[in-house]
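J.: Please find input-v2.cif (mmCIF, N, CA and C atoms) on the next line:
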data_final
#
loop_
_atom_site.group_PDB
_atom_site.id
_atom_site.type_symbol
_atom_site.label_atom_id
_atom_site.label_comp_id
_atom_site.auth_asym_id
_atom_site.auth_seq_id
_atom_site.Cartn_x
_atom_site.Cartn_y
_atom_site.Cartn_z
ATOM 1 N N MET D 1 11.061 -27.335 7.584
ATOM 2 C CA MET D 1 11.670 -26.098 7.119
ATOM 3 C C MET D 1 11.234 -24.971 8.064
ATOM 4 N N ASP D 2 12.192 -24.263 8.572
ATOM 5 C CA ASP D 2 11.920 -23.192 9.529
ATOM 6 C C ASP D 2 11.936 -21.828 8.847
ATOM 7 N N ARG D 3 11.317 -20.864 9.508
ATOM 8 C CA ARG D 3 11.254 -19.491 9.003
ATOM 9 C C ARG D 3 12.657 -18.899 8.836
ATOM 10 N N LYS D 4 13.589 -19.286 9.717
ATOM 11 C CA LYS D 4 14.946 -18.737 9.662
ATOM 12 C C LYS D 4 15.682 -19.133 8.378
ATOM 13 N N ASP D 5 15.207 -20.184 7.689
ATOM 14 C CA ASP D 5 15.843 -20.654 6.460
ATOM 15 C C ASP D 5 15.388 -19.877 5.224
ATOM 16 N N ILE D 6 14.376 -19.031 5.388
ATOM 17 C CA ILE D 6 13.754 -18.349 4.253
ATOM 18 C C ILE D 6 13.916 -16.842 4.425
ATOM 19 N N TYR D 7 14.300 -16.163 3.349
ATOM 20 C CA TYR D 7 14.523 -14.720 3.415
ATOM 21 C C TYR D 7 14.275 -14.101 2.035
ATOM 22 N N PRO D 8 14.012 -12.790 1.987
ATOM 23 C CA PRO D 8 13.776 -12.115 0.702
ATOM 24 C C PRO D 8 14.960 -12.301 -0.246
ATOM 25 N N GLY D 9 14.641 -12.526 -1.520
ATOM 26 C CA GLY D 9 15.668 -12.728 -2.535
ATOM 27 C C GLY D 9 15.982 -14.187 -2.800
ATOM 28 N N LEU D 10 15.447 -15.090 -1.973
ATOM 29 C CA LEU D 10 15.698 -16.519 -2.105
ATOM 30 C C LEU D 10 14.774 -17.120 -3.163
ATOM 31 N N GLU D 11 15.311 -18.035 -4.002
ATOM 32 C CA GLU D 11 14.475 -18.728 -4.992
ATOM 33 C C GLU D 11 13.830 -19.938 -4.326
ATOM 34 N N VAL D 12 12.512 -20.053 -4.470
ATOM 35 C CA VAL D 12 11.763 -21.131 -3.817
ATOM 36 C C VAL D 12 10.669 -21.663 -4.738
ATOM 37 N N ASP D 13 10.180 -22.854 -4.405
ATOM 38 C CA ASP D 13 8.944 -23.374 -4.985
ATOM 39 C C ASP D 13 7.872 -23.241 -3.925
ATOM 40 N N ILE D 14 6.699 -22.768 -4.328
ATOM 41 C CA ILE D 14 5.577 -22.664 -3.401
ATOM 42 C C ILE D 14 4.384 -23.423 -3.982
ATOM 43 N N ILE D 15 3.412 -23.699 -3.123
ATOM 44 C CA ILE D 15 2.131 -24.222 -3.580
ATOM 45 C C ILE D 15 1.082 -23.165 -3.270
ATOM 46 N N LEU D 16 0.419 -22.706 -4.312
ATOM 47 C CA LEU D 16 -0.645 -21.714 -4.165
ATOM 48 C C LEU D 16 -1.878 -22.375 -3.562
ATOM 49 N N LYS D 17 -2.727 -21.592 -2.936
ATOM 50 C CA LYS D 17 -3.952 -22.108 -2.311
ATOM 51 C C LYS D 17 -4.771 -22.928 -3.309
ATOM 52 N N LYS D 18 -4.915 -22.411 -4.536
ATOM 53 C CA LYS D 18 -5.735 -23.089 -5.548
ATOM 54 C C LYS D 18 -5.104 -24.404 -6.019
ATOM 55 N N ASP D 19 -3.804 -24.582 -5.770
ATOM 56 C CA ASP D 19 -3.099 -25.779 -6.222
ATOM 57 C C ASP D 19 -2.840 -26.789 -5.106
ATOM 58 N N GLN D 20 -3.413 -26.569 -3.915
ATOM 59 C CA GLN D 20 -3.127 -27.453 -2.790
ATOM 60 C C GLN D 20 -3.538 -28.896 -3.070
ATOM 61 N N ARG D 21 -4.655 -29.111 -3.733
ATOM 62 C CA ARG D 21 -5.110 -30.481 -4.026
ATOM 63 C C ARG D 21 -4.245 -31.149 -5.089
ATOM 64 N N SER D 22 -3.892 -30.408 -6.140
ATOM 65 C CA SER D 22 -3.128 -30.983 -7.244
ATOM 66 C C SER D 22 -1.630 -31.055 -6.947
ATOM 67 N N GLY D 23 -1.146 -30.176 -6.048
ATOM 68 C CA GLY D 23 0.275 -30.169 -5.721
ATOM 69 C C GLY D 23 1.150 -29.463 -6.741
ATOM 70 N N VAL D 24 0.533 -28.722 -7.666
ATOM 71 C CA VAL D 24 1.295 -27.978 -8.680
ATOM 72 C C VAL D 24 2.132 -26.910 -7.983
ATOM 73 N N ARG D 25 3.414 -26.858 -8.347
ATOM 74 C CA ARG D 25 4.333 -25.903 -7.725
ATOM 75 C C ARG D 25 4.531 -24.673 -8.597
ATOM 76 N N THR D 26 4.823 -23.553 -7.952
ATOM 77 C CA THR D 26 5.117 -22.301 -8.632
ATOM 78 C C THR D 26 6.476 -21.827 -8.135
ATOM 79 N N ARG D 27 7.391 -21.520 -9.055
ATOM 80 C CA ARG D 27 8.729 -21.081 -8.655
ATOM 81 C C ARG D 27 8.819 -19.565 -8.732
ATOM 82 N N GLY D 28 9.555 -18.986 -7.771
ATOM 83 C CA GLY D 28 9.736 -17.547 -7.779
ATOM 84 C C GLY D 28 10.719 -17.101 -6.722
ATOM 85 N N ILE D 29 10.876 -15.787 -6.631
ATOM 86 C CA ILE D 29 11.800 -15.168 -5.675
ATOM 87 C C ILE D 29 10.982 -14.575 -4.530
ATOM 88 N N VAL D 30 11.393 -14.878 -3.293
ATOM 89 C CA VAL D 30 10.675 -14.390 -2.115
ATOM 90 C C VAL D 30 10.787 -12.866 -2.009
ATOM 91 N N GLN D 31 9.622 -12.213 -1.850
ATOM 92 C CA GLN D 31 9.600 -10.774 -1.595
ATOM 93 C C GLN D 31 9.412 -10.521 -0.104
ATOM 94 N N ALA D 32 8.491 -11.285 0.526
ATOM 95 C CA ALA D 32 8.194 -11.075 1.945
ATOM 96 C C ALA D 32 7.710 -12.366 2.587
ATOM 97 N N LEU D 33 8.026 -12.525 3.877
ATOM 98 C CA LEU D 33 7.521 -13.654 4.656
ATOM 99 C C LEU D 33 6.227 -13.225 5.323
ATOM 100 N N LEU D 34 5.194 -14.065 5.230
ATOM 101 C CA LEU D 34 3.888 -13.717 5.776
ATOM 102 C C LEU D 34 3.559 -14.513 7.044
ATOM 103 N N THR D 35 4.271 -15.615 7.283
ATOM 104 C CA THR D 35 4.070 -16.396 8.503
ATOM 105 C C THR D 35 4.989 -15.844 9.579
ATOM 106 N N SER D 36 4.413 -15.493 10.730
ATOM 107 C CA SER D 36 5.236 -14.924 11.800
ATOM 108 C C SER D 36 5.822 -15.997 12.716
ATOM 109 N N ALA D 37 5.203 -17.177 12.749
ATOM 110 C CA ALA D 37 5.704 -18.261 13.605
ATOM 111 C C ALA D 37 7.016 -18.799 13.056
ATOM 112 N N ALA D 38 7.843 -19.353 13.932
ATOM 113 C CA ALA D 38 9.137 -19.904 13.515
ATOM 114 C C ALA D 38 8.956 -21.144 12.648
ATOM 115 N N PHE D 39 7.842 -21.872 12.850
ATOM 116 C CA PHE D 39 7.584 -23.096 12.099
ATOM 117 C C PHE D 39 6.088 -23.203 11.836
ATOM 118 N N HIS D 40 5.723 -23.756 10.679
ATOM 119 C CA HIS D 40 4.319 -24.022 10.380
ATOM 120 C C HIS D 40 4.239 -25.396 9.737
ATOM 121 N N SER D 41 3.296 -26.212 10.176
ATOM 122 C CA SER D 41 3.213 -27.598 9.719
ATOM 123 C C SER D 41 2.999 -27.738 8.213
ATOM 124 N N ARG D 42 2.310 -26.791 7.594
ATOM 125 C CA ARG D 42 2.069 -26.882 6.151
ATOM 126 C C ARG D 42 3.050 -26.046 5.333
ATOM 127 N N GLY D 43 4.000 -25.383 5.984
ATOM 128 C CA GLY D 43 4.988 -24.580 5.273
ATOM 129 C C GLY D 43 4.843 -23.102 5.590
ATOM 130 N N ILE D 44 5.943 -22.394 5.477
ATOM 131 C CA ILE D 44 5.967 -20.960 5.740
ATOM 132 C C ILE D 44 5.325 -20.231 4.552
ATOM 133 N N LYS D 45 4.385 -19.344 4.833
ATOM 134 C CA LYS D 45 3.697 -18.612 3.772
ATOM 135 C C LYS D 45 4.525 -17.397 3.377
ATOM 136 N N VAL D 46 4.695 -17.212 2.056
ATOM 137 C CA VAL D 46 5.480 -16.090 1.530
ATOM 138 C C VAL D 46 4.745 -15.423 0.373
ATOM 139 N N ARG D 47 5.172 -14.185 0.076
ATOM 140 C CA ARG D 47 4.733 -13.483 -1.134
ATOM 141 C C ARG D 47 5.924 -13.451 -2.072
ATOM 142 N N LEU D 48 5.705 -13.862 -3.310
ATOM 143 C CA LEU D 48 6.771 -13.803 -4.312
ATOM 144 C C LEU D 48 6.840 -12.405 -4.922
ATOM 145 N N GLU D 49 7.930 -12.118 -5.622
ATOM 146 C CA GLU D 49 8.108 -10.798 -6.245
ATOM 147 C C GLU D 49 7.007 -10.479 -7.243
ATOM 148 N N ASP D 50 6.391 -11.510 -7.844
ATOM 149 C CA ASP D 50 5.301 -11.262 -8.800
ATOM 150 C C ASP D 50 3.936 -11.134 -8.122
ATOM 151 N N GLY D 51 3.926 -11.178 -6.768
ATOM 152 C CA GLY D 51 2.695 -10.951 -6.023
ATOM 153 C C GLY D 51 1.946 -12.208 -5.612
ATOM 154 N N GLN D 52 2.339 -13.368 -6.122
ATOM 155 C CA GLN D 52 1.657 -14.608 -5.759
ATOM 156 C C GLN D 52 1.995 -14.996 -4.320
ATOM 157 N N ILE D 53 1.022 -15.600 -3.630
ATOM 158 C CA ILE D 53 1.190 -15.989 -2.236
ATOM 159 C C ILE D 53 0.963 -17.491 -2.100
ATOM 160 N N GLY D 54 1.879 -18.147 -1.376
ATOM 161 C CA GLY D 54 1.733 -19.582 -1.150
ATOM 162 C C GLY D 54 2.684 -20.051 -0.072
ATOM 163 N N ARG D 55 2.670 -21.366 0.163
ATOM 164 C CA ARG D 55 3.516 -21.958 1.201
ATOM 165 C C ARG D 55 4.743 -22.618 0.571
ATOM 166 N N VAL D 56 5.905 -22.361 1.161
ATOM 167 C CA VAL D 56 7.174 -22.857 0.629
ATOM 168 C C VAL D 56 7.255 -24.380 0.796
ATOM 169 N N VAL D 57 7.591 -25.065 -0.309
ATOM 170 C CA VAL D 57 7.798 -26.512 -0.258
ATOM 171 C C VAL D 57 9.240 -26.900 -0.581
ATOM 172 N N GLN D 58 9.979 -26.004 -1.239
ATOM 173 C CA GLN D 58 11.379 -26.303 -1.567
ATOM 174 C C GLN D 58 12.162 -25.003 -1.705
ATOM 175 N N ILE D 59 13.422 -25.049 -1.265
ATOM 176 C CA ILE D 59 14.334 -23.901 -1.341
ATOM 177 C C ILE D 59 15.442 -24.244 -2.330
ATOM 178 N N PHE D 60 15.847 -23.267 -3.132
ATOM 179 C CA PHE D 60 16.969 -23.431 -4.060
ATOM 180 C C PHE D 60 18.092 -22.501 -3.648
ATOM 181 N N PRO D 61 19.215 -23.062 -3.200
ATOM 182 C CA PRO D 61 20.328 -22.232 -2.699
ATOM 183 C C PRO D 61 20.969 -21.368 -3.786
#
What would you get if you wrote out this structure as structure tokens?
T.:
Amino acid sequence: MDRKDIYPGLEVDIILKKDQRSGVRTRGIVQALLTSAAFHSRGIKVRLEDGQIGRVVQIFP
């Protein structure tokens, strides 16, 4: 998944830092992209509208 596929207002599932071992997902709307690179091996880091920060694992069109 590339950075170009993710933009503010998009619904996504992320994995929070505290949930990396368990793999628990959190769903929300992207507020801002925090990863500046075009690609990241563990996922693009975003901030959701509710303020939570994590790496995108799934996009919902």
J.: Assuming the chain letters and numbering stay as they are in my file, what does the PyMOL selection byres ((chain D and resi 35) around 6.5) actually select? List them as a PDB file with N, CA and C atoms, in the coordinates of the input.
T.:
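Saved to selection25.pdb:
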ATOM      1  N   LEU D  33       8.026 -12.525   3.877  1.00  0.00           N
ATOM      2  CA  LEU D  33       7.521 -13.654   4.656  1.00  0.00           C
ATOM      3  C   LEU D  33       6.227 -13.225   5.323  1.00  0.00           C
ATOM      4  N   LEU D  34       5.194 -14.065   5.230  1.00  0.00           N
ATOM      5  CA  LEU D  34       3.888 -13.717   5.776  1.00  0.00           C
ATOM      6  C   LEU D  34       3.559 -14.513   7.044  1.00  0.00           C
ATOM      7  N   SER D  36       4.413 -15.493  10.730  1.00  0.00           N
ATOM      8  CA  SER D  36       5.236 -14.924  11.800  1.00  0.00           C
ATOM      9  C   SER D  36       5.822 -15.997  12.716  1.00  0.00           C
ATOM     10  N   ALA D  37       5.203 -17.177  12.749  1.00  0.00           N
ATOM     11  CA  ALA D  37       5.704 -18.261  13.605  1.00  0.00           C
ATOM     12  C   ALA D  37       7.016 -18.799  13.056  1.00  0.00           C
ATOM     13  N   ALA D  38       7.843 -19.353  13.932  1.00  0.00           N
ATOM     14  CA  ALA D  38       9.137 -19.904  13.515  1.00  0.00           C
ATOM     15  C   ALA D  38       8.956 -21.144  12.648  1.00  0.00           C
ATOM     16  N   ILE D  44       5.943 -22.394   5.477  1.00  0.00           N
ATOM     17  CA  ILE D  44       5.967 -20.960   5.740  1.00  0.00           C
ATOM     18  C   ILE D  44       5.325 -20.231   4.552  1.00  0.00           C
ATOM     19  N   LYS D  45       4.385 -19.344   4.833  1.00  0.00           N
ATOM     20  CA  LYS D  45       3.697 -18.612   3.772  1.00  0.00           C
ATOM     21  C   LYS D  45       4.525 -17.397   3.377  1.00  0.00           C
ATOM     22  N   VAL D  46       4.695 -17.212   2.056  1.00  0.00           N
ATOM     23  CA  VAL D  46       5.480 -16.090   1.530  1.00  0.00           C
ATOM     24  C   VAL D  46       4.745 -15.423   0.373  1.00  0.00           C
TER      25      VAL D  46
END
J.: Which residues would end up in the selection if the PyMOL selection byres (((chain D and resi 9 and name CA) around 7) and name CA) were applied here, given that I need the answer as a PDB file with N, CA and C atoms, in the coordinates of the input?
T.:
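After the write, expr_38.pdb holds the following:
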ATOM      1  N   TYR D   7      14.300 -16.163   3.349  1.00  0.00           N
ATOM      2  CA  TYR D   7      14.523 -14.720   3.415  1.00  0.00           C
ATOM      3  C   TYR D   7      14.275 -14.101   2.035  1.00  0.00           C
ATOM      4  N   PRO D   8      14.012 -12.790   1.987  1.00  0.00           N
ATOM      5  CA  PRO D   8      13.776 -12.115   0.702  1.00  0.00           C
ATOM      6  C   PRO D   8      14.960 -12.301  -0.246  1.00  0.00           C
ATOM      7  N   LEU D  10      15.447 -15.090  -1.973  1.00  0.00           N
ATOM      8  CA  LEU D  10      15.698 -16.519  -2.105  1.00  0.00           C
ATOM      9  C   LEU D  10      14.774 -17.120  -3.163  1.00  0.00           C
ATOM     10  N   GLU D  11      15.311 -18.035  -4.002  1.00  0.00           N
ATOM     11  CA  GLU D  11      14.475 -18.728  -4.992  1.00  0.00           C
ATOM     12  C   GLU D  11      13.830 -19.938  -4.326  1.00  0.00           C
ATOM     13  N   ILE D  29      10.876 -15.787  -6.631  1.00  0.00           N
ATOM     14  CA  ILE D  29      11.800 -15.168  -5.675  1.00  0.00           C
ATOM     15  C   ILE D  29      10.982 -14.575  -4.530  1.00  0.00           C
ATOM     16  N   VAL D  30      11.393 -14.878  -3.293  1.00  0.00           N
ATOM     17  CA  VAL D  30      10.675 -14.390  -2.115  1.00  0.00           C
ATOM     18  C   VAL D  30      10.787 -12.866  -2.009  1.00  0.00           C
ATOM     19  N   GLN D  31       9.622 -12.213  -1.850  1.00  0.00           N
ATOM     20  CA  GLN D  31       9.600 -10.774  -1.595  1.00  0.00           C
ATOM     21  C   GLN D  31       9.412 -10.521  -0.104  1.00  0.00           C
TER      22      GLN D  31
END
J.: Go through D:Arg55, D:His40, D:Pro61, D:Ala32 and flag the residue nearest Asp13 in chain D, using only C-alpha atoms for the distances.
T.: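 Going through D:Arg55, D:His40, D:Pro61, D:Ala32 one by one, the smallest distance to Asp13 in chain D is for D:Arg55.
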J.: Go through D:Arg42, D:Glu49, D:Phe60, D:Asp2 and flag the residue nearest Ile15 in chain D, using only C-alpha atoms for the distances.
T.: D:Arg42
J.: Record the distance separating CA of Gln52 in chain D and CA of Phe39 in chain D, expressed in Å with one decimal.
T.: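 Between CA of Gln52 in chain D and CA of Phe39 in chain D the gap works out to 20.6 Å.
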J.: How many Å lie between CA of Asp50 in chain D and CA of Leu16 in chain D, rounded to one decimal?
T.: 12.9 Å
J.: When you draw a straight line from atom N of Arg25 in chain D to atom N of Ser41 in chain D, how long is it in Å?
T.: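 That distance, rounded to one decimal, is 18.5 Å.
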J.: Just list the residues in chain D DSSP gives strand (DSSP E) on the backbone, as a ChimeraX atom specification.
T.: /D:11-16,26-33,45-48,53-60
J.: Name the residues that the PyMOL selection byres (((chain D and resi 24 and name CA) around 12) and name CA) pulls out of this structure, and write them as a PyMOL selection string.
T.: chain D and resi 13-23+25-27+54-55+57
J.: With 3 Å of padding per side, what axis-aligned box (centre and edge lengths, Å, one decimal) covers all the listed atoms of range 13-24 of chain D? Give it as JSON.
T.:
{"center_x": 2.2, "center_y": -26.4, "center_z": -5.5, "size_x": 21.9, "size_y": 15.6, "size_z": 12.4}
